[in-house]
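The next block is data34.csv, given as CSV, C-alpha atoms and all ligand atoms.
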chain,number,residue,atom,x,y,z
A,28,ALA,CA,-83.2,-90.6,60.0
A,29,THR,CA,-84.8,-90.3,56.6
A,30,PRO,CA,-84.2,-93.1,54.2
A,31,THR,CA,-82.9,-91.9,50.9
A,32,ALA,CA,-85.9,-91.0,48.8
A,33,LEU,CA,-86.2,-92.9,45.6
A,34,LEU,CA,-87.9,-91.7,42.5
A,35,VAL,CA,-90.7,-93.9,41.3
A,36,GLY,CA,-90.9,-95.7,37.9
A,37,THR,CA,-88.6,-94.1,35.3
A,38,GLY,CA,-88.8,-90.7,36.8
A,39,ARG,CA,-92.6,-90.6,36.5
A,40,GLY,CA,-93.0,-90.1,40.2
A,41,ALA,CA,-90.6,-87.2,40.1
A,42,GLN,CA,-92.5,-85.7,37.2
A,43,LEU,CA,-95.7,-86.0,39.2
A,44,GLY,CA,-94.1,-84.5,42.3
A,45,ILE,CA,-94.1,-87.7,44.3
A,46,LEU,CA,-91.2,-88.9,46.4
A,47,ILE,CA,-91.2,-92.5,47.5
A,48,LYS,CA,-89.0,-94.1,50.2
A,49,GLY,CA,-88.6,-97.5,48.6
A,50,PRO,CA,-90.2,-99.7,45.9
A,51,GLU,CA,-91.6,-102.1,48.6
A,52,VAL,CA,-93.9,-99.2,49.6
A,53,LEU,CA,-95.9,-99.8,46.4
A,54,GLU,CA,-96.8,-103.4,47.5
A,55,SER,CA,-99.3,-102.2,50.1
A,56,THR,CA,-100.9,-99.7,47.8
A,57,ARG,CA,-102.6,-102.2,45.6
A,58,ARG,CA,-105.3,-103.2,48.1
A,59,ILE,CA,-106.0,-99.7,49.6
A,60,ASP,CA,-109.8,-99.2,49.9
A,61,THR,CA,-109.9,-96.3,52.4
A,62,VAL,CA,-108.2,-92.9,52.3
A,63,VAL,CA,-108.1,-91.1,55.6
A,64,LEU,CA,-107.4,-87.3,55.2
A,65,ASP,CA,-106.3,-84.9,57.9
A,66,LYS,CA,-108.2,-81.6,57.6
A,67,THR,CA,-106.0,-78.7,58.4
A,68,GLY,CA,-103.1,-78.2,56.0
A,69,THR,CA,-104.1,-81.3,54.0
A,70,VAL,CA,-107.6,-80.8,52.7
A,71,THR,CA,-107.5,-77.1,53.6
A,72,THR,CA,-104.8,-74.6,52.9
A,73,GLY,CA,-104.1,-74.3,56.6
A,74,GLN,CA,-103.4,-70.6,55.9
A,75,MET,CA,-106.0,-69.3,58.3
A,76,SER,CA,-107.0,-65.7,58.8
A,77,LEU,CA,-108.7,-63.9,61.7
A,78,VAL,CA,-112.1,-62.8,60.6
A,79,ASP,CA,-113.8,-61.7,63.9
A,80,ILE,CA,-113.4,-61.0,67.6
A,81,HIS,CA,-116.2,-61.3,70.1
A,82,VAL,CA,-115.5,-60.0,73.6
A,83,ALA,CA,-117.2,-60.4,77.0
A,84,ASP,CA,-118.8,-57.4,78.8
A,85,GLY,CA,-116.1,-55.0,79.9
A,86,VAL,CA,-113.4,-56.3,77.7
A,87,GLY,CA,-111.8,-54.3,74.9
A,88,ASP,CA,-111.1,-55.8,71.4
A,89,GLU,CA,-107.5,-54.5,71.6
A,90,GLU,CA,-106.9,-55.9,75.0
A,91,ALA,CA,-108.1,-59.3,73.8
A,92,LEU,CA,-106.0,-59.1,70.6
A,93,ARG,CA,-102.9,-58.1,72.5
A,94,LEU,CA,-103.0,-60.9,75.0
A,95,ALA,CA,-104.1,-63.6,72.6
A,96,GLY,CA,-101.6,-62.3,70.0
A,97,ALA,CA,-98.7,-62.4,72.4
A,98,LEU,CA,-99.6,-65.9,73.5
A,99,GLU,CA,-100.2,-67.3,70.0
A,100,LYS,CA,-96.9,-65.8,68.7
A,101,ALA,CA,-95.2,-68.7,70.6
A,102,SER,CA,-97.3,-71.4,68.8
A,103,GLU,CA,-96.8,-72.8,65.4
A,104,HIS,CA,-100.4,-73.9,64.9
A,105,PRO,CA,-102.0,-72.3,61.8
A,106,ILE,CA,-104.7,-70.9,64.0
A,107,ALA,CA,-102.1,-69.3,66.2
A,108,GLN,CA,-100.2,-67.8,63.3
A,109,ALA,CA,-103.5,-66.1,62.0
A,110,ILE,CA,-104.1,-64.5,65.4
A,111,ALA,CA,-100.5,-63.5,66.0
A,112,ARG,CA,-100.3,-62.0,62.5
A,113,ALA,CA,-103.5,-60.0,63.0
A,114,ALA,CA,-102.3,-58.7,66.4
A,115,ALA,CA,-98.9,-57.6,65.1
A,116,ASP,CA,-100.5,-55.9,62.0
A,117,LYS,CA,-102.9,-53.9,64.2
A,118,LEU,CA,-100.8,-53.3,67.4
A,119,GLY,CA,-97.1,-53.6,66.3
A,120,ASP,CA,-94.9,-55.0,69.1
A,121,LEU,CA,-96.6,-57.5,71.4
A,122,PRO,CA,-95.6,-58.3,75.0
A,123,ALA,CA,-93.4,-61.3,75.8
A,124,VAL,CA,-94.9,-64.7,76.8
A,125,GLU,CA,-93.5,-66.7,79.7
A,126,ASP,CA,-94.0,-70.3,80.7
A,127,PHE,CA,-95.5,-71.1,77.3
A,128,LYS,CA,-97.2,-74.5,77.2
A,129,ASN,CA,-98.7,-76.5,74.3
A,130,LEU,CA,-101.8,-78.4,75.7
A,131,GLU,CA,-102.0,-81.2,73.3
A,132,GLY,CA,-105.2,-81.2,71.2
A,133,LEU,CA,-106.6,-78.4,73.2
A,134,GLY,CA,-104.7,-75.2,72.7
A,135,VAL,CA,-102.0,-73.2,74.4
A,136,GLN,CA,-101.3,-71.4,77.7
A,137,GLY,CA,-98.7,-68.9,78.9
A,138,ILE,CA,-98.2,-65.9,81.1
A,139,VAL,CA,-98.6,-62.5,79.5
A,140,ASP,CA,-98.3,-59.2,81.5
A,141,GLY,CA,-98.2,-61.3,84.7
A,142,GLN,CA,-101.4,-63.2,84.1
A,143,VAL,CA,-102.2,-66.7,82.8
A,144,VAL,CA,-103.7,-66.6,79.3
A,145,ILE,CA,-105.2,-69.6,77.5
A,146,ALA,CA,-106.4,-70.0,73.9
A,147,GLY,CA,-108.0,-72.9,72.2
A,148,ARG,CA,-110.9,-75.3,72.4
A,149,THR,CA,-113.6,-74.5,74.9
A,150,ALA,CA,-112.7,-77.7,76.7
A,151,LEU,CA,-109.6,-75.8,77.8
A,152,LEU,CA,-111.8,-73.8,80.2
A,153,ASP,CA,-112.7,-77.0,82.1
A,154,SER,CA,-109.4,-76.8,83.9
A,155,TRP,CA,-110.5,-73.4,85.2
A,156,SER,CA,-114.0,-74.8,86.0
A,157,GLN,CA,-115.2,-72.1,83.6
A,158,LYS,CA,-117.7,-72.0,80.7
A,159,LEU,CA,-118.2,-69.5,77.9
A,160,PRO,CA,-120.8,-66.9,78.9
A,161,ALA,CA,-124.0,-67.2,76.9
A,162,ASP,CA,-123.2,-64.4,74.4
A,163,LEU,CA,-119.8,-65.8,73.6
A,164,ALA,CA,-121.3,-69.3,73.3
A,165,ALA,CA,-123.8,-68.0,70.8
A,166,ALA,CA,-121.0,-66.3,68.9
A,167,LYS,CA,-119.0,-69.5,68.8
A,168,ALA,CA,-122.0,-71.5,67.6
A,169,GLY,CA,-122.6,-69.0,64.8
A,170,ALA,CA,-119.0,-69.1,63.7
A,171,GLU,CA,-119.0,-72.9,63.5
A,172,LYS,CA,-122.3,-73.0,61.6
A,173,ASP,CA,-120.4,-70.9,59.0
A,174,GLY,CA,-117.7,-73.5,58.9
A,175,ASN,CA,-115.2,-71.4,60.8
A,176,THR,CA,-113.1,-72.2,63.8
A,177,ALA,CA,-113.9,-70.5,67.1
A,178,VAL,CA,-111.0,-70.0,69.6
A,179,ALA,CA,-111.9,-69.5,73.2
A,180,VAL,CA,-109.6,-67.0,74.9
A,181,GLY,CA,-109.4,-66.6,78.7
A,182,TRP,CA,-107.3,-64.7,81.2
A,183,ASP,CA,-107.6,-63.6,84.8
A,184,GLY,CA,-109.4,-66.9,85.5
A,185,ALA,CA,-112.3,-66.5,83.1
A,186,ALA,CA,-113.3,-66.9,79.5
A,187,ARG,CA,-113.2,-63.4,78.0
A,188,ALA,CA,-113.3,-63.6,74.2
A,189,VAL,CA,-114.0,-65.8,71.2
A,190,PHE,CA,-111.8,-65.3,68.1
A,191,VAL,CA,-113.1,-66.5,64.8
A,192,VAL,CA,-110.6,-67.9,62.4
A,193,ALA,CA,-111.3,-69.1,58.8
A,194,ASP,CA,-109.6,-71.7,56.8
A,195,THR,CA,-110.5,-72.7,53.2
A,196,ALA,CA,-110.4,-75.9,51.2
A,197,LYS,CA,-107.5,-76.0,48.7
A,198,PRO,CA,-108.7,-75.3,45.2
A,199,THR,CA,-107.9,-78.9,44.0
A,200,SER,CA,-109.3,-80.8,47.1
A,201,ALA,CA,-112.8,-81.4,45.8
A,202,GLU,CA,-111.5,-82.6,42.4
A,203,ALA,CA,-109.1,-85.0,44.1
A,204,ILE,CA,-111.8,-86.4,46.3
A,205,THR,CA,-114.0,-87.1,43.2
A,206,LYS,CA,-111.1,-88.9,41.6
A,207,LEU,CA,-110.3,-91.0,44.7
A,208,ARG,CA,-114.0,-92.1,44.6
A,209,ALA,CA,-113.7,-92.9,40.9
A,210,LEU,CA,-110.7,-95.2,41.8
A,211,GLY,CA,-113.1,-97.0,44.2
A,212,LEU,CA,-111.6,-95.5,47.3
A,213,LYS,CA,-113.6,-94.3,50.3
A,214,PRO,CA,-112.5,-90.9,51.6
A,215,VAL,CA,-112.7,-90.1,55.4
A,216,LEU,CA,-112.0,-86.8,57.0
A,217,LEU,CA,-110.1,-87.0,60.3
A,218,THR,CA,-109.5,-84.0,62.5
A,219,GLY,CA,-108.9,-82.7,66.0
A,220,ASP,CA,-111.2,-79.8,65.1
A,221,ASN,CA,-114.8,-79.7,66.2
A,222,SER,CA,-117.6,-81.6,64.4
A,223,ALA,CA,-119.4,-78.5,62.9
A,224,VAL,CA,-116.2,-77.2,61.2
A,225,ALA,CA,-115.2,-80.6,60.1
A,226,HIS,CA,-118.6,-81.3,58.5
A,227,SER,CA,-118.7,-77.9,56.8
A,228,ILE,CA,-115.3,-78.5,55.1
A,229,ALA,CA,-116.3,-82.1,54.3
A,230,ALA,CA,-119.4,-80.9,52.6
A,231,GLN,CA,-117.4,-78.4,50.5
A,232,VAL,CA,-115.1,-81.1,49.1
A,233,GLY,CA,-117.6,-84.0,48.9
A,234,ILE,CA,-116.6,-86.2,51.9
A,235,ASP,CA,-119.4,-87.9,53.7
A,236,GLU,CA,-117.5,-89.8,56.4
A,237,VAL,CA,-116.2,-87.5,59.1
A,238,ILE,CA,-114.3,-88.3,62.4
A,239,ALA,CA,-113.9,-85.1,64.4
A,240,GLU,CA,-112.7,-84.0,67.8
A,241,VAL,CA,-110.0,-86.7,67.8
A,242,MET,CA,-107.1,-86.1,70.2
A,243,PRO,CA,-103.6,-86.3,68.5
A,244,LYS,CA,-102.7,-89.5,70.3
A,245,ASP,CA,-106.0,-91.1,69.2
A,246,LYS,CA,-105.6,-90.5,65.5
A,247,VAL,CA,-103.5,-93.6,65.3
A,248,GLU,CA,-106.3,-95.6,67.0
A,249,VAL,CA,-108.8,-94.6,64.2
A,250,ILE,CA,-106.4,-96.1,61.6
A,251,SER,CA,-105.9,-99.3,63.7
A,252,LYS,CA,-109.7,-99.7,64.1
A,253,PHE,CA,-110.3,-99.5,60.4
A,254,GLN,CA,-107.5,-102.0,59.8
A,255,ALA,CA,-109.1,-104.3,62.4
A,256,GLN,CA,-112.3,-104.2,60.3
A,257,GLY,CA,-110.3,-105.4,57.4
A,258,ARG,CA,-110.0,-102.1,55.6
A,259,VAL,CA,-106.7,-101.3,54.0
A,260,VAL,CA,-105.9,-97.7,54.8
A,261,ALA,CA,-104.0,-94.8,53.2
A,262,MET,CA,-103.5,-91.8,55.4
A,263,VAL,CA,-102.7,-88.3,54.1
A,264,GLY,CA,-101.4,-85.8,56.6
A,265,ASP,CA,-99.0,-82.9,57.3
A,266,GLY,CA,-98.7,-82.3,61.0
A,267,VAL,CA,-96.7,-83.6,64.0
A,268,ASN,CA,-100.0,-84.8,65.3
A,269,ASP,CA,-100.5,-87.0,62.2
A,270,ALA,CA,-97.1,-88.8,62.4
A,271,ALA,CA,-98.2,-91.9,64.4
A,272,ALA,CA,-101.2,-92.4,62.2
A,273,LEU,CA,-99.1,-92.0,59.0
A,274,ALA,CA,-96.8,-94.6,60.3
A,275,GLN,CA,-99.6,-97.0,61.2
A,276,ALA,CA,-101.4,-96.7,57.9
A,277,ASP,CA,-100.8,-99.3,55.2
A,278,LEU,CA,-99.7,-96.3,53.1
A,279,GLY,CA,-98.7,-93.0,54.6
A,280,LEU,CA,-98.7,-89.9,52.4
A,281,ALA,CA,-97.2,-86.7,53.7
A,282,MET,CA,-97.7,-83.2,52.3
A,283,GLY,CA,-94.4,-81.9,51.2
A,284,THR,CA,-95.5,-78.6,52.7
A,285,GLY,CA,-95.9,-80.2,56.1
A,286,THR,CA,-93.7,-80.9,59.0
A,287,ASP,CA,-90.5,-83.0,58.8
A,288,VAL,CA,-91.9,-85.4,61.4
A,289,ALA,CA,-94.9,-86.2,59.2
A,290,ILE,CA,-92.6,-86.6,56.1
A,291,GLU,CA,-90.3,-89.0,58.0
A,292,ALA,CA,-93.2,-91.1,59.2
A,293,SER,CA,-94.6,-91.5,55.7
A,294,ASP,CA,-94.0,-93.8,52.7
A,295,LEU,CA,-94.6,-91.1,50.1
A,296,THR,CA,-94.2,-87.4,50.0
A,297,LEU,CA,-96.5,-85.2,47.8
A,298,VAL,CA,-94.0,-82.5,47.1
A,299,ARG,CA,-96.4,-79.7,46.2
A,300,GLY,CA,-98.9,-80.5,49.0
A,301,ASP,CA,-101.6,-81.0,46.5
A,302,LEU,CA,-104.2,-83.8,47.0
A,303,LEU,CA,-104.3,-84.5,43.3
A,304,ALA,CA,-100.8,-85.9,43.7
A,305,ALA,CA,-102.3,-88.5,46.1
A,306,VAL,CA,-104.5,-89.6,43.3
A,307,ASP,CA,-101.6,-89.8,40.9
A,308,ALA,CA,-99.5,-91.7,43.5
A,309,ILE,CA,-102.2,-94.4,43.9
A,310,ARG,CA,-102.7,-94.7,40.2
A,311,LEU,CA,-99.0,-94.8,39.6
A,312,ALA,CA,-98.5,-97.6,42.2
A,313,ARG,CA,-101.3,-99.6,40.7
A,314,ARG,CA,-99.9,-99.2,37.2
A,315,THR,CA,-96.3,-100.0,38.4
A,316,LEU,CA,-97.5,-103.1,40.2
A,317,GLY,CA,-99.5,-104.2,37.2
A,318,THR,CA,-96.3,-104.3,35.1
A,319,ILE,CA,-94.2,-106.0,37.9
A,320,LYS,CA,-96.7,-108.8,38.4
A,401,LIG,P1,-105.8,-80.1,63.9
A,401,LIG,O1,-104.4,-80.3,63.1
A,401,LIG,O2,-106.8,-81.0,63.3
A,401,LIG,O3,-106.2,-78.7,64.0
A,401,LIG,P2,-104.7,-80.3,66.6
A,401,LIG,O4,-104.6,-81.5,67.5
A,401,LIG,O5,-103.4,-79.6,66.3
A,401,LIG,O6,-105.6,-80.7,65.4
A,401,LIG,O7,-105.6,-79.2,67.4
A,401,LIG,C1,-106.9,-79.6,67.8
A,401,LIG,C2,-107.7,-78.3,68.1
A,401,LIG,O8,-107.1,-77.6,69.3
A,401,LIG,C3,-107.6,-77.3,67.0
A,401,LIG,O9,-108.5,-77.6,65.9
A,401,LIG,C4,-107.9,-76.0,67.7
A,401,LIG,O10,-109.3,-75.9,67.9
A,401,LIG,C5,-107.2,-76.2,69.1
A,401,LIG,N1,-105.9,-75.6,69.1
A,401,LIG,C6,-104.7,-76.3,69.0
A,401,LIG,N2,-103.6,-75.4,69.1
A,401,LIG,C7,-104.2,-74.2,69.2
A,401,LIG,C8,-103.6,-72.9,69.3
A,401,LIG,N3,-102.3,-72.6,69.3
A,401,LIG,N4,-104.5,-71.8,69.4
A,401,LIG,C9,-105.8,-72.0,69.4
A,401,LIG,N5,-106.4,-73.3,69.3
A,401,LIG,C10,-105.6,-74.3,69.2
A,402,MG,MG,-102.9,-80.9,60.0

Take the structure in the file and give it back as structure tokens.
Amino acid sequence: ATPTALLVGTGRGAQLGILIKGPEVLESTRRIDTVVLDKTGTVTTGQMSLVDIHVADGVGDEEALRLAGALEKASEHPIAQAIARAAADKLGDLPAVEDFKNLEGLGVQGIVDGQVVIAGRTALLDSWSQKLPADLAAAKAGAEKDGNTAVAVGWDGAARAVFVVADTAKPTSAEAITKLRALGLKPVLLTGDNSAVAHSIAAQVGIDEVIAEVMPKDKVEVISKFQAQGRVVAMVGDGVNDAAALAQADLGLAMGTGTDVAIEASDLTLVRGDLLAAVDAIRLARRTLGTIK
């Protein structure tokens, strides 16, 4: 159940597009020294697009797009939506998927046209005791060097394609990071995505501390570890996989554009999903507390 959202300080919060659950939330904000930021959908737009398809020998682009598109249609991940959209645009109707499974932090699996199809991180292939063939591994490395996300796609028991999906930083993210620093706060990027992609996005927005390849269940541990070191942590996130970390953080800030689960786990909601509002929220809390004390 969501507690009734209250508007902060004489409507100022509302004007700034910040919804707060209760005045006591502000208490913890004063000592925040670290701001942990989820990558996808928080620092980046999360509106990914499919930019390339690499296929193994003997595999057709359309076959790969049809199977991956059909599978990803059942997933809500931004990567999945990019692939499903591209497939539907190119091929129209896609086959149905059966026995769809979300493999937490790894990707997805389902049965399309009677065969098991997987899409996600290359670690997914471990369960099939498979690896990417050399040409696909090279394509993956090239994509990641460019800061894009490579999705391994397999069916019929082997890795058969790599899809390249691109996400971009939100236009205001770099400015918001600069402002967080100016407030004396240390920004940290936290993501399930791989290290190369994470570092590329971090460099674009000016973050130098990156924690990548973190499983959803382990995001909360990252926050606890910082707290055990005496850091006081704000966490900004949008996804179901961020909810536990948002709840654990001394201050949880959810993107209003994100999932309900993230919003419910948080102390504050940034209505427009703009990181500049996180800066406003922390400033506002400091100012409000200044007048209360
Ligand atoms: P994040 O929100 O940081 O992307 P997730 O835990 O949701 O973290 O996913 C971790 C990684 O697993 C993603 O970065 C992506 O590489 C892969 N992944 C998850 N879901 C899918 C999917 N439906 N299709 C392809 N890859 C996926
Ligand atoms: Mg996210």

Please find the residues contacting ligand MG 402 (chain A) at a distance of at most 6 Å between atoms, with only C-alpha atoms and all ligand atoms counted, and report them as a list of chain:residue names.
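With only C-alpha atoms and all ligand atoms and a cut-off of 6 Å, ligand MG 402 (chain A) is contacted by A:Asp65, A:Lys66, A:Thr67, A:Gly68, A:Asp265, A:Gly266.
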
Coordinates-based distance that separates atom C7 of ligand LIG 401 (chain A) from atom CA of Lys158 of chain A (Å, one decimal)
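According to the coordinates, atom CA of Lys158 of chain A and atom C7 of ligand LIG 401 (chain A) are separated by 17.9 Å.
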
What lies within 12 Å of Met75 of chain A using all atoms listed in the file, ignoring chain neighbours under 6 positions off, as a ChimeraX atom specification?
/A:67-68,104-113,175-177,191-197

Between A:Gly174, A:Gly96, A:Gly73, A:Pro243, smallest distance to ligand LIG 401 (chain A) by all atoms listed in the file belongs to A:Pro243

Kindly compile the residues surrounding ligand LIG 401 (chain A) within 6 Å, counting all atoms listed in the file, and format them as a PyMOL selection string.
chain A and resi 66-67+99+102+104+106-107+132-135+146-148+178+218-220+242-243

Distance criterion (only C-alpha atoms): nearest to Lys128 of chain A out of A:Ala101, A:Thr61, A:Gly283, A:Ala272
A:Ala101

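Reported to one decimal place, the separation of atom CA of Lys244 of chain A from atom CA of Leu273 of chain A is 12.1 Å.
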
Under the rule that only C-alpha atoms are counted, which of A:Lys213, A:Lys117, A:Arg39, A:Lys100 is the nearest residue to Glu236 of chain A?
A:Lys213

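The residue that comes closest to Ala83 of chain A, out of A:Val189, A:Glu131, A:Ala95, A:Asp153 and on the basis of all atoms listed in the file, is A:Val189.
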
Can you tell me how far atom CA of Ala41 of chain A sits from atom CA of Leu278 of chain A, in Å to one decimal?
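Separation between atom CA of Ala41 of chain A and atom CA of Leu278 of chain A: 18.3 Å.
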
Each residue of segment 242-312 of chain A lying at most 12 Å from segment 200-204 of chain A should get a row with its shortest atom-to-atom pair and the distance in Å to one decimal, counting all atoms listed in the file; could you produce that, ordered by chain and increasing number, as CSV?
residue,atom,partner,partner_atom,distance
A:Gly300,CA,A:Ser200,CA,10.6
A:Asp301,CA,A:Ser200,CA,7.7
A:Leu302,CA,A:Ala203,CA,5.8
A:Leu303,CA,A:Ala203,CA,4.9
A:Ala304,CA,A:Ala203,CA,8.4
A:Ala305,CA,A:Ala203,CA,7.9
A:Val306,CA,A:Ala203,CA,6.6
A:Asp307,CA,A:Ala203,CA,9.5
A:Ala308,CA,A:Ala203,CA,11.7
A:Ile309,CA,A:Ala203,CA,11.7

Min atom-atom distance to Asp162 of chain A from the set A:His81, A:Thr69, A:Pro122, A:Val237, counting all atoms listed in the file, belongs to A:His81

Using the atoms already present, construct N, CA and C atoms for segment 289-309 of chain A and hand them back as a PDB file, in the coordinates of the input.
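Printed below is out32.pdb as written:
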ATOM      1  N   ALA A 289     -93.869 -85.528  59.969  1.00  0.00           N
ATOM      2  CA  ALA A 289     -94.900 -86.200  59.200  1.00  0.00           C
ATOM      3  C   ALA A 289     -94.212 -86.856  57.941  1.00  0.00           C
ATOM      4  N   ILE A 290     -93.285 -86.131  57.318  1.00  0.00           N
ATOM      5  CA  ILE A 290     -92.600 -86.600  56.100  1.00  0.00           C
ATOM      6  C   ILE A 290     -91.799 -87.890  56.476  1.00  0.00           C
ATOM      7  N   GLU A 291     -91.110 -87.850  57.628  1.00  0.00           N
ATOM      8  CA  GLU A 291     -90.300 -89.000  58.000  1.00  0.00           C
ATOM      9  C   GLU A 291     -91.151 -90.219  58.366  1.00  0.00           C
ATOM     10  N   ALA A 292     -92.365 -90.001  58.839  1.00  0.00           N
ATOM     11  CA  ALA A 292     -93.200 -91.100  59.200  1.00  0.00           C
ATOM     12  C   ALA A 292     -93.935 -91.743  58.020  1.00  0.00           C
ATOM     13  N   SER A 293     -93.817 -91.117  56.857  1.00  0.00           N
ATOM     14  CA  SER A 293     -94.600 -91.500  55.700  1.00  0.00           C
ATOM     15  C   SER A 293     -93.817 -92.330  54.679  1.00  0.00           C
ATOM     16  N   ASP A 294     -94.573 -93.021  53.807  1.00  0.00           N
ATOM     17  CA  ASP A 294     -94.000 -93.800  52.700  1.00  0.00           C
ATOM     18  C   ASP A 294     -93.753 -92.928  51.487  1.00  0.00           C
ATOM     19  N   LEU A 295     -94.657 -91.987  51.306  1.00  0.00           N
ATOM     20  CA  LEU A 295     -94.600 -91.100  50.100  1.00  0.00           C
ATOM     21  C   LEU A 295     -94.719 -89.670  50.554  1.00  0.00           C
ATOM     22  N   THR A 296     -94.086 -88.797  49.795  1.00  0.00           N
ATOM     23  CA  THR A 296     -94.200 -87.400  50.000  1.00  0.00           C
ATOM     24  C   THR A 296     -94.803 -86.718  48.761  1.00  0.00           C
ATOM     25  N   LEU A 297     -95.878 -85.960  48.944  1.00  0.00           N
ATOM     26  CA  LEU A 297     -96.500 -85.200  47.800  1.00  0.00           C
ATOM     27  C   LEU A 297     -95.873 -83.827  47.869  1.00  0.00           C
ATOM     28  N   VAL A 298     -94.894 -83.629  46.983  1.00  0.00           N
ATOM     29  CA  VAL A 298     -94.000 -82.500  47.100  1.00  0.00           C
ATOM     30  C   VAL A 298     -94.770 -81.141  47.141  1.00  0.00           C
ATOM     31  N   ARG A 299     -95.752 -80.983  46.265  1.00  0.00           N
ATOM     32  CA  ARG A 299     -96.400 -79.700  46.200  1.00  0.00           C
ATOM     33  C   ARG A 299     -97.566 -79.536  47.230  1.00  0.00           C
ATOM     34  N   GLY A 300     -97.806 -80.580  48.001  1.00  0.00           N
ATOM     35  CA  GLY A 300     -98.900 -80.500  49.000  1.00  0.00           C
ATOM     36  C   GLY A 300    -100.244 -80.383  48.374  1.00  0.00           C
ATOM     37  N   ASP A 301    -100.380 -81.019  47.209  1.00  0.00           N
ATOM     38  CA  ASP A 301    -101.600 -81.000  46.500  1.00  0.00           C
ATOM     39  C   ASP A 301    -102.247 -82.381  46.486  1.00  0.00           C
ATOM     40  N   LEU A 302    -103.512 -82.484  46.904  1.00  0.00           N
ATOM     41  CA  LEU A 302    -104.200 -83.800  47.000  1.00  0.00           C
ATOM     42  C   LEU A 302    -104.279 -84.531  45.677  1.00  0.00           C
ATOM     43  N   LEU A 303    -104.278 -83.794  44.575  1.00  0.00           N
ATOM     44  CA  LEU A 303    -104.300 -84.500  43.300  1.00  0.00           C
ATOM     45  C   LEU A 303    -103.119 -85.399  43.104  1.00  0.00           C
ATOM     46  N   ALA A 304    -102.014 -85.050  43.750  1.00  0.00           N
ATOM     47  CA  ALA A 304    -100.800 -85.900  43.700  1.00  0.00           C
ATOM     48  C   ALA A 304    -101.060 -87.224  44.426  1.00  0.00           C
ATOM     49  N   ALA A 305    -101.948 -87.231  45.414  1.00  0.00           N
ATOM     50  CA  ALA A 305    -102.300 -88.500  46.100  1.00  0.00           C
ATOM     51  C   ALA A 305    -102.991 -89.424  45.138  1.00  0.00           C
ATOM     52  N   VAL A 306    -103.851 -88.855  44.310  1.00  0.00           N
ATOM     53  CA  VAL A 306    -104.500 -89.600  43.300  1.00  0.00           C
ATOM     54  C   VAL A 306    -103.518 -90.202  42.303  1.00  0.00           C
ATOM     55  N   ASP A 307    -102.609 -89.340  41.858  1.00  0.00           N
ATOM     56  CA  ASP A 307    -101.600 -89.800  40.900  1.00  0.00           C
ATOM     57  C   ASP A 307    -100.716 -90.886  41.544  1.00  0.00           C
ATOM     58  N   ALA A 308    -100.398 -90.735  42.840  1.00  0.00           N
ATOM     59  CA  ALA A 308     -99.500 -91.700  43.500  1.00  0.00           C
ATOM     60  C   ALA A 308    -100.209 -93.091  43.536  1.00  0.00           C
ATOM     61  N   ILE A 309    -101.495 -93.117  43.853  1.00  0.00           N
ATOM     62  CA  ILE A 309    -102.200 -94.400  43.900  1.00  0.00           C
ATOM     63  C   ILE A 309    -102.350 -95.024  42.542  1.00  0.00           C
TER      64      ILE A 309
END
